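The file entry.cif contains mmCIF, C-alpha atoms:
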```cif
data_work
loop_
_atom_site.label_atom_id
_atom_site.label_comp_id
_atom_site.auth_asym_id
_atom_site.auth_seq_id
_atom_site.Cartn_x
_atom_site.Cartn_y
_atom_site.Cartn_z
CA MET A 1 -2.97 -8.06 -29.60
CA LYS A 2 0.40 -7.37 -27.96
CA LEU A 3 2.47 -9.23 -25.38
CA GLN A 4 3.80 -7.27 -22.42
CA VAL A 5 6.32 -8.67 -19.94
CA ALA A 6 5.90 -7.46 -16.36
CA LEU A 7 9.32 -7.11 -14.78
CA ASP A 8 8.12 -7.26 -11.18
CA LEU A 9 11.65 -7.85 -9.96
CA THR A 10 13.73 -6.18 -7.26
CA ASN A 11 17.12 -6.60 -8.92
CA LEU A 12 17.55 -3.92 -11.55
CA ASP A 13 20.49 -5.48 -13.37
CA SER A 14 18.58 -8.75 -13.77
CA ALA A 15 15.52 -6.87 -15.02
CA VAL A 16 17.55 -4.89 -17.56
CA GLU A 17 19.30 -7.99 -18.86
CA LEU A 18 16.01 -9.83 -19.25
CA ALA A 19 14.42 -6.85 -21.00
CA LYS A 20 17.30 -6.75 -23.49
CA ARG A 21 16.99 -10.43 -24.29
CA LEU A 22 13.22 -10.47 -24.63
CA PHE A 23 12.71 -7.27 -26.60
CA GLY A 24 15.93 -7.61 -28.56
CA ASN A 25 14.83 -11.00 -29.85
CA GLY A 26 11.33 -9.80 -30.74
CA LEU A 27 9.67 -11.94 -28.08
CA VAL A 28 7.68 -9.19 -26.35
CA ASP A 29 6.10 -5.99 -27.61
CA ILE A 30 6.04 -3.93 -24.40
CA ILE A 31 8.49 -3.79 -21.49
CA GLU A 32 6.96 -3.11 -18.09
CA ALA A 33 8.96 -1.58 -15.29
CA GLY A 34 6.91 -3.28 -12.60
CA THR A 35 5.74 -1.67 -9.38
CA PRO A 36 8.24 -3.56 -7.16
CA LEU A 37 11.08 -2.50 -9.47
CA ILE A 38 9.99 1.14 -9.38
CA LYS A 39 9.63 1.03 -5.59
CA ALA A 40 13.10 -0.48 -5.27
CA TYR A 41 14.90 1.88 -7.65
CA GLY A 42 12.56 4.77 -8.34
CA MET A 43 12.31 6.28 -11.80
CA TYR A 44 15.93 5.32 -12.41
CA SER A 45 14.56 1.86 -13.26
CA VAL A 46 12.47 3.37 -16.06
CA SER A 47 15.51 5.27 -17.36
CA ARG A 48 17.55 2.06 -17.42
CA MET A 49 14.84 0.33 -19.41
CA ARG A 50 14.83 3.18 -21.91
CA VAL A 51 18.61 3.04 -22.30
CA CYS A 52 18.75 -0.73 -22.73
CA CYS A 53 15.76 -0.86 -25.10
CA PRO A 54 15.70 2.54 -26.85
CA THR A 55 12.95 1.61 -29.33
CA ALA A 56 10.72 -0.32 -26.92
CA PRO A 57 7.37 0.87 -25.59
CA ILE A 58 8.08 1.20 -21.85
CA PHE A 59 5.20 0.88 -19.40
CA ALA A 60 5.81 2.39 -15.96
CA ASP A 61 3.42 0.57 -13.62
CA LEU A 62 3.01 3.47 -11.21
CA LYS A 63 -0.37 2.43 -9.80
CA THR A 64 -0.91 6.10 -8.97
CA MET A 65 -3.41 6.92 -6.22
CA ASP A 66 -2.74 10.66 -5.85
CA ALA A 67 -0.57 13.42 -7.33
CA GLY A 68 -1.49 12.30 -10.84
CA ARG A 69 0.14 15.08 -12.85
CA ILE A 70 3.40 14.89 -10.91
CA GLU A 71 3.79 11.14 -11.33
CA VAL A 72 2.99 11.19 -15.04
CA LYS A 73 5.51 13.97 -15.60
CA LEU A 74 8.20 12.02 -13.73
CA ALA A 75 7.55 8.92 -15.79
CA ALA A 76 7.65 10.88 -19.05
CA GLU A 77 10.92 12.57 -18.10
CA HIS A 78 12.49 9.15 -17.57
CA GLY A 79 11.38 7.65 -20.86
CA ALA A 80 8.04 5.94 -20.25
CA ASN A 81 5.44 5.63 -23.02
CA MET A 82 2.64 4.15 -20.89
CA VAL A 83 1.62 4.71 -17.27
CA SER A 84 -0.96 3.31 -14.85
CA VAL A 85 -3.36 4.88 -12.39
CA LEU A 86 -5.56 2.92 -10.01
CA ALA A 87 -9.27 2.77 -10.75
CA ALA A 88 -9.78 3.08 -6.99
CA ALA A 89 -8.19 6.55 -7.05
CA PRO A 90 -10.43 9.64 -6.86
CA LEU A 91 -11.91 10.63 -10.21
CA ASP A 92 -10.09 13.95 -9.93
CA THR A 93 -6.78 12.09 -9.75
CA ILE A 94 -7.63 9.84 -12.70
CA ARG A 95 -8.68 12.90 -14.72
CA GLU A 96 -5.52 14.89 -13.94
CA PHE A 97 -3.39 11.82 -14.59
CA SER A 98 -4.96 11.11 -17.98
CA GLU A 99 -4.94 14.76 -19.05
CA GLU A 100 -1.24 15.10 -18.26
CA ALA A 101 -0.47 11.81 -19.99
CA ARG A 102 -2.32 12.94 -23.10
CA ARG A 103 -0.51 16.29 -23.05
CA LEU A 104 2.85 14.52 -22.88
CA GLY A 105 1.97 11.84 -25.43
CA LEU A 106 1.76 8.89 -23.03
CA SER A 107 -0.88 6.15 -23.01
CA THR A 108 -2.95 5.67 -19.85
CA VAL A 109 -3.95 2.37 -18.25
CA VAL A 110 -6.57 2.50 -15.49
CA ASP A 111 -5.83 -0.55 -13.34
CA PHE A 112 -8.91 -2.17 -11.80
CA ILE A 113 -7.01 -4.35 -9.34
CA GLY A 114 -9.04 -4.74 -6.14
CA VAL A 115 -12.19 -3.10 -7.52
CA VAL A 116 -15.21 -5.16 -6.46
CA ASN A 117 -17.83 -3.90 -8.91
CA VAL A 118 -15.78 -3.44 -12.05
CA GLU A 119 -18.69 -2.73 -14.41
CA ASP A 120 -20.03 0.16 -12.32
CA ARG A 121 -16.61 1.71 -11.87
CA VAL A 122 -15.74 1.35 -15.56
CA LYS A 123 -18.93 3.19 -16.45
CA GLU A 124 -18.22 5.90 -13.87
CA VAL A 125 -14.63 6.45 -14.97
CA LEU A 126 -15.22 6.33 -18.72
CA SER A 127 -18.22 8.65 -18.55
CA THR A 128 -15.99 11.44 -17.24
CA VAL A 129 -12.40 10.65 -18.26
CA LYS A 130 -10.75 9.74 -21.58
CA VAL A 131 -8.30 6.88 -21.11
CA ASP A 132 -6.55 4.48 -23.47
CA TYR A 133 -6.89 1.19 -21.63
CA VAL A 134 -8.95 -0.47 -18.93
CA GLY A 135 -6.60 -2.82 -17.09
CA LEU A 136 -8.26 -5.96 -15.70
CA HIS A 137 -5.87 -7.37 -13.15
CA VAL A 138 -5.80 -10.27 -10.70
CA GLY A 139 -3.03 -9.42 -8.23
CA ILE A 140 -0.30 -11.79 -7.08
CA ASP A 141 -1.67 -12.16 -3.55
CA VAL A 142 -5.13 -13.06 -4.85
CA GLN A 143 -3.63 -15.52 -7.33
CA ASP A 144 -1.72 -17.27 -4.57
CA ALA A 145 -4.51 -17.22 -1.97
CA ARG A 146 -7.48 -18.09 -4.18
CA ARG A 147 -5.83 -19.97 -7.05
CA VAL A 148 -7.46 -17.78 -9.67
CA THR A 149 -5.92 -16.01 -12.64
CA ALA A 150 -6.89 -13.41 -15.21
CA GLU A 151 -8.31 -16.24 -17.31
CA VAL A 152 -11.61 -15.73 -15.45
CA LEU A 153 -11.77 -12.14 -16.76
CA ILE A 154 -11.65 -12.86 -20.50
CA ASP A 155 -15.40 -12.54 -21.09
CA GLU A 156 -15.55 -9.36 -19.00
CA ALA A 157 -12.63 -7.90 -20.95
CA GLU A 158 -14.38 -8.52 -24.26
CA SER A 159 -17.62 -7.04 -22.96
CA ILE A 160 -15.93 -3.83 -21.78
CA ARG A 161 -13.99 -3.47 -25.01
CA SER A 162 -17.13 -3.93 -27.10
CA ARG A 163 -19.40 -1.75 -25.00
CA TYR A 164 -17.10 1.21 -24.42
CA GLY A 165 -14.72 1.12 -27.39
CA VAL A 166 -11.70 1.27 -25.09
CA GLY A 167 -8.54 -0.80 -25.15
CA VAL A 168 -8.29 -3.60 -22.59
CA THR A 169 -5.22 -5.10 -20.93
CA LEU A 170 -5.33 -8.41 -19.07
CA ALA A 171 -2.91 -9.33 -16.29
CA GLY A 172 -2.58 -11.88 -13.55
CA GLY A 173 -1.13 -15.38 -13.59
CA ILE A 174 -1.23 -15.87 -17.35
CA ASP A 175 1.07 -18.70 -18.41
CA VAL A 176 1.74 -20.92 -21.41
CA LYS A 177 -1.38 -23.03 -20.87
CA SER A 178 -3.84 -20.18 -20.26
CA SER A 179 -2.38 -18.02 -23.03
CA ALA A 180 -3.78 -20.45 -25.60
CA LYS A 181 -7.29 -19.53 -24.45
CA LEU A 182 -6.67 -15.87 -25.29
CA ARG A 183 -5.96 -16.37 -28.96
CA GLY A 184 -8.45 -14.45 -31.06
CA ARG A 185 -10.18 -12.96 -28.03
CA GLY A 186 -10.93 -9.26 -27.56
CA VAL A 187 -7.89 -8.30 -25.51
CA ASP A 188 -5.42 -5.65 -26.68
CA VAL A 189 -2.50 -6.31 -24.35
CA VAL A 190 -1.73 -9.60 -22.60
CA VAL A 191 0.53 -9.06 -19.59
CA VAL A 192 2.73 -11.93 -18.43
CA GLY A 193 4.98 -11.78 -15.40
CA ARG A 194 6.23 -14.74 -13.39
CA ALA A 195 5.58 -17.32 -16.10
CA ILE A 196 8.37 -15.63 -18.06
CA THR A 197 10.54 -13.91 -15.46
CA ALA A 198 10.77 -16.92 -13.12
CA ALA A 199 11.28 -19.46 -15.90
CA GLU A 200 14.54 -21.33 -16.30
CA LYS A 201 14.48 -20.38 -19.98
CA PRO A 202 12.48 -17.12 -20.23
CA GLU A 203 12.97 -16.74 -23.97
CA GLU A 204 11.53 -20.16 -24.71
CA VAL A 205 8.48 -19.49 -22.53
CA ALA A 206 7.91 -16.08 -24.13
CA ARG A 207 8.23 -17.63 -27.57
CA GLU A 208 5.68 -20.32 -26.73
CA ILE A 209 3.22 -17.81 -25.26
CA ARG A 210 3.63 -15.64 -28.32
CA ARG A 211 2.88 -18.61 -30.54
CA ASN A 212 -0.20 -19.47 -28.48
CA LEU A 213 -1.48 -15.91 -28.87
CA GLY A 214 -1.00 -16.07 -32.62
CA LEU A 215 1.62 -13.33 -32.65
#
```

Since I need it in another form, could you write the structure as structure tokens?
Amino acid sequence: MKLQVALDLTNLDSAVELAKRLFGNGLVDIIEAGTPLIKAYGMYSVSRMRVCCPTAPIFADLKTMDAGRIEVKLAAEHGANMVSVLAAAPLDTIREFSEEARRLGLSTVVDFIGVVNVEDRVKEVLSTVKVDYVGLHVGIDVQDARRVTAEVLIDEAESIRSRYGVGVTLAGGIDVKSSAKLRGRGVDVVVVGRAITAAEKPEEVAREIRRNLGL
């Protein structure tokens, strides 16, 4: 299991500084250039993450819906190790995305945010495309509106991992309290955003989550 921090910020300098502190102190395993950060600064944000944390795995949360090969190539050129494509994208896009990522040595996360019937779509995608991770994701708007978090997806994550032999990432509202419920469960990457990035003392929160996960 690994801990990934989602830097869904819109201030690049703040994101870079936080990435340095968290990765430099061994508190997170993966640095995510979040979608809002990429939309605010483009691929320059990924480059900055690579410069500030030269040995870190950098995840560019592209949430690609089209132009799969182009977006993967851009991310690779700017230092990303991992990239995301939406499960709702056409299968042709997911296939081109994953093939280009594999060619360039990047890991692929298929993000299932907003997918209603996850099980059917997982089966459809994995029967035709080789990917590294299925990303189960409760988005920020859904968290706020419905008061639910990725905690409700733990059993589903384990089932998918066991049934298909694919890595699983879990994201969406995970905090110190809920992270304790993930210890020893079948999740490969636990993604934490606001619980760390909005905390008064981000390092202390990351350290506590890490302890809860048994890392």

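Counting all atoms listed in the file, the residue from A:Val83, A:Leu27, A:Val122, A:Leu18 that sits nearest to Gln4 of chain A is A:Leu27.
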
- Message: At a cut-off of 10 Å, using only C-alpha atoms, what residues contact Ala150 of chain A? Leave out same-chain residues fewer than 3 positions from it and give the result as a PyMOL selection string.
- Response: chain A and resi 136-139+143+153-154+157+170-174+178+190-191

Assuming the chain letters and numbering stay as they are in my file, what does the PyMOL selection byres ((chain A and resi 68) around 12) actually select? List them as a VMD selection string. chain A and resid 62 to 67 69 to 75 83 to 86 89 to 101 108 110

Could you save the residues just selected, with C-alpha atoms, as a JSON list (two decimals), in the coordinates of the input?
```json
[["chain", "number", "residue", "atom", "x", "y", "z"],
["A", 62, "LEU", "CA", 3.01, 3.47, -11.21],
["A", 63, "LYS", "CA", -0.37, 2.43, -9.80],
["A", 64, "THR", "CA", -0.91, 6.10, -8.97],
["A", 65, "MET", "CA", -3.41, 6.92, -6.22],
["A", 66, "ASP", "CA", -2.74, 10.66, -5.85],
["A", 67, "ALA", "CA", -0.57, 13.42, -7.33],
["A", 69, "ARG", "CA", 0.14, 15.08, -12.85],
["A", 70, "ILE", "CA", 3.40, 14.89, -10.91],
["A", 71, "GLU", "CA", 3.79, 11.14, -11.33],
["A", 72, "VAL", "CA", 2.99, 11.19, -15.04],
["A", 73, "LYS", "CA", 5.51, 13.97, -15.60],
["A", 74, "LEU", "CA", 8.20, 12.02, -13.73],
["A", 75, "ALA", "CA", 7.55, 8.92, -15.79],
["A", 83, "VAL", "CA", 1.62, 4.71, -17.27],
["A", 84, "SER", "CA", -0.96, 3.31, -14.85],
["A", 85, "VAL", "CA", -3.36, 4.88, -12.39],
["A", 86, "LEU", "CA", -5.56, 2.92, -10.01],
["A", 89, "ALA", "CA", -8.19, 6.55, -7.05],
["A", 90, "PRO", "CA", -10.43, 9.64, -6.86],
["A", 91, "LEU", "CA", -11.91, 10.63, -10.21],
["A", 92, "ASP", "CA", -10.09, 13.95, -9.93],
["A", 93, "THR", "CA", -6.78, 12.09, -9.75],
["A", 94, "ILE", "CA", -7.63, 9.84, -12.70],
["A", 95, "ARG", "CA", -8.68, 12.90, -14.72],
["A", 96, "GLU", "CA", -5.52, 14.89, -13.94],
["A", 97, "PHE", "CA", -3.39, 11.82, -14.59],
["A", 98, "SER", "CA", -4.96, 11.11, -17.98],
["A", 99, "GLU", "CA", -4.94, 14.76, -19.05],
["A", 100, "GLU", "CA", -1.24, 15.10, -18.26],
["A", 101, "ALA", "CA", -0.47, 11.81, -19.99],
["A", 108, "THR", "CA", -2.95, 5.67, -19.85],
["A", 110, "VAL", "CA", -6.57, 2.50, -15.49]]
```

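Closest approach to Leu126 of chain A among A:Arg161, A:Val142, A:Val51, A:Ala180: A:Arg161, based on all atoms listed in the file.
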
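Counting only C-alpha atoms and comparing A:Asp8, A:Glu17, A:Glu203, A:Glu77, the residue that lies closest to Ile38 of chain A is A:Asp8.
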
In terms of all atoms listed in the file, the residue from A:Gly186, A:Gly105, A:Pro36, A:Pro57 at minimal distance from Leu213 of chain A is A:Gly186

Report task. Run the PyMOL selection byres ((chain A and resi 49) around 9) mentally over the shown coordinates, then write out the matched residues as number ranges by chain, using the chain letters and numbers from the document. Result -> A: 15-16, 19-20, 31-33, 44-48, 50-54, 56, 58, 79-80

Spell out the residues picked by the PyMOL selection byres ((chain A and resi 114) around 8) here, as a PDB file with C-alpha atoms, in the coordinates of the input.
```
ATOM      1  CA  ALA A  88      -9.780   3.080  -6.990  1.00  0.00           C
ATOM      2  CA  PHE A 112      -8.910  -2.170 -11.800  1.00  0.00           C
ATOM      3  CA  ILE A 113      -7.010  -4.350  -9.340  1.00  0.00           C
ATOM      4  CA  VAL A 115     -12.190  -3.100  -7.520  1.00  0.00           C
ATOM      5  CA  VAL A 116     -15.210  -5.160  -6.460  1.00  0.00           C
ATOM      6  CA  VAL A 138      -5.800 -10.270 -10.700  1.00  0.00           C
ATOM      7  CA  GLY A 139      -3.030  -9.420  -8.230  1.00  0.00           C
TER       8      GLY A 139
END
```

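The two atoms in question, atom CA of Met43 of chain A and atom CA of Leu22 of chain A, are spaced 21.1 Å apart.
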
**Request:** Quote the spacing between atom CA of Leu3 of chain A and atom CA of Val192 of chain A in Å to one decimal place.
**Result:**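 Separation between atom CA of Leu3 of chain A and atom CA of Val192 of chain A: 7.5 Å.
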
Separation of atom CA of Val189 of chain A and atom CA of Gly214 of chain A, in Å?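 Spanning atom CA of Val189 of chain A to atom CA of Gly214 of chain A is a straight-line distance of 12.9 Å.
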
Across A:Glu158, A:Tyr164, A:Lys123, A:Ile209, the smallest distance to Val187 of chain A, with only C-alpha atoms counted, is shown by A:Glu158

Could N, CA and C atoms be built for segment 49-64 of chain A and written out as a PDB file, keeping the file's coordinate frame?
```pdb
ATOM      1  N   MET A  49      15.572   1.060 -18.385  1.00  0.00           N
ATOM      2  CA  MET A  49      14.840   0.330 -19.410  1.00  0.00           C
ATOM      3  C   MET A  49      14.900   1.076 -20.747  1.00  0.00           C
ATOM      4  N   ARG A  50      14.772   2.382 -20.689  1.00  0.00           N
ATOM      5  CA  ARG A  50      14.830   3.180 -21.910  1.00  0.00           C
ATOM      6  C   ARG A  50      16.200   3.090 -22.559  1.00  0.00           C
ATOM      7  N   VAL A  51      17.255   3.115 -21.758  1.00  0.00           N
ATOM      8  CA  VAL A  51      18.610   3.040 -22.300  1.00  0.00           C
ATOM      9  C   VAL A  51      18.880   1.673 -22.915  1.00  0.00           C
ATOM     10  N   CYS A  52      18.445   0.620 -22.241  1.00  0.00           N
ATOM     11  CA  CYS A  52      18.750  -0.730 -22.730  1.00  0.00           C
ATOM     12  C   CYS A  52      17.875  -1.114 -23.916  1.00  0.00           C
ATOM     13  N   CYS A  53      16.693  -0.537 -24.009  1.00  0.00           N
ATOM     14  CA  CYS A  53      15.760  -0.860 -25.100  1.00  0.00           C
ATOM     15  C   CYS A  53      15.229   0.450 -25.690  1.00  0.00           C
ATOM     16  N   PRO A  54      16.064   1.179 -26.421  1.00  0.00           N
ATOM     17  CA  PRO A  54      15.700   2.540 -26.850  1.00  0.00           C
ATOM     18  C   PRO A  54      14.469   2.631 -27.739  1.00  0.00           C
ATOM     19  N   THR A  55      14.117   1.554 -28.436  1.00  0.00           N
ATOM     20  CA  THR A  55      12.950   1.610 -29.330  1.00  0.00           C
ATOM     21  C   THR A  55      11.715   0.945 -28.728  1.00  0.00           C
ATOM     22  N   ALA A  56      11.828   0.436 -27.516  1.00  0.00           N
ATOM     23  CA  ALA A  56      10.720  -0.320 -26.920  1.00  0.00           C
ATOM     24  C   ALA A  56       9.664   0.598 -26.309  1.00  0.00           C
ATOM     25  N   PRO A  57       8.394   0.221 -26.421  1.00  0.00           N
ATOM     26  CA  PRO A  57       7.370   0.870 -25.590  1.00  0.00           C
ATOM     27  C   PRO A  57       7.632   0.469 -24.135  1.00  0.00           C
ATOM     28  N   ILE A  58       7.792   1.459 -23.271  1.00  0.00           N
ATOM     29  CA  ILE A  58       8.080   1.200 -21.850  1.00  0.00           C
ATOM     30  C   ILE A  58       6.861   1.607 -21.024  1.00  0.00           C
ATOM     31  N   PHE A  59       6.349   0.648 -20.280  1.00  0.00           N
ATOM     32  CA  PHE A  59       5.200   0.880 -19.400  1.00  0.00           C
ATOM     33  C   PHE A  59       5.686   1.008 -17.965  1.00  0.00           C
ATOM     34  N   ALA A  60       5.472   2.171 -17.369  1.00  0.00           N
ATOM     35  CA  ALA A  60       5.810   2.390 -15.960  1.00  0.00           C
ATOM     36  C   ALA A  60       4.561   2.094 -15.130  1.00  0.00           C
ATOM     37  N   ASP A  61       4.600   0.989 -14.396  1.00  0.00           N
ATOM     38  CA  ASP A  61       3.420   0.570 -13.620  1.00  0.00           C
ATOM     39  C   ASP A  61       3.390   1.323 -12.293  1.00  0.00           C
ATOM     40  N   LEU A  62       2.988   2.579 -12.374  1.00  0.00           N
ATOM     41  CA  LEU A  62       3.010   3.470 -11.210  1.00  0.00           C
ATOM     42  C   LEU A  62       1.934   3.129 -10.186  1.00  0.00           C
ATOM     43  N   LYS A  63       0.793   2.645 -10.664  1.00  0.00           N
ATOM     44  CA  LYS A  63      -0.370   2.430  -9.800  1.00  0.00           C
ATOM     45  C   LYS A  63      -0.658   3.691  -8.963  1.00  0.00           C
ATOM     46  N   THR A  64      -0.724   4.808  -9.631  1.00  0.00           N
ATOM     47  CA  THR A  64      -0.910   6.100  -8.970  1.00  0.00           C
ATOM     48  C   THR A  64      -2.249   6.176  -8.242  1.00  0.00           C
TER      49      THR A  64
END
```
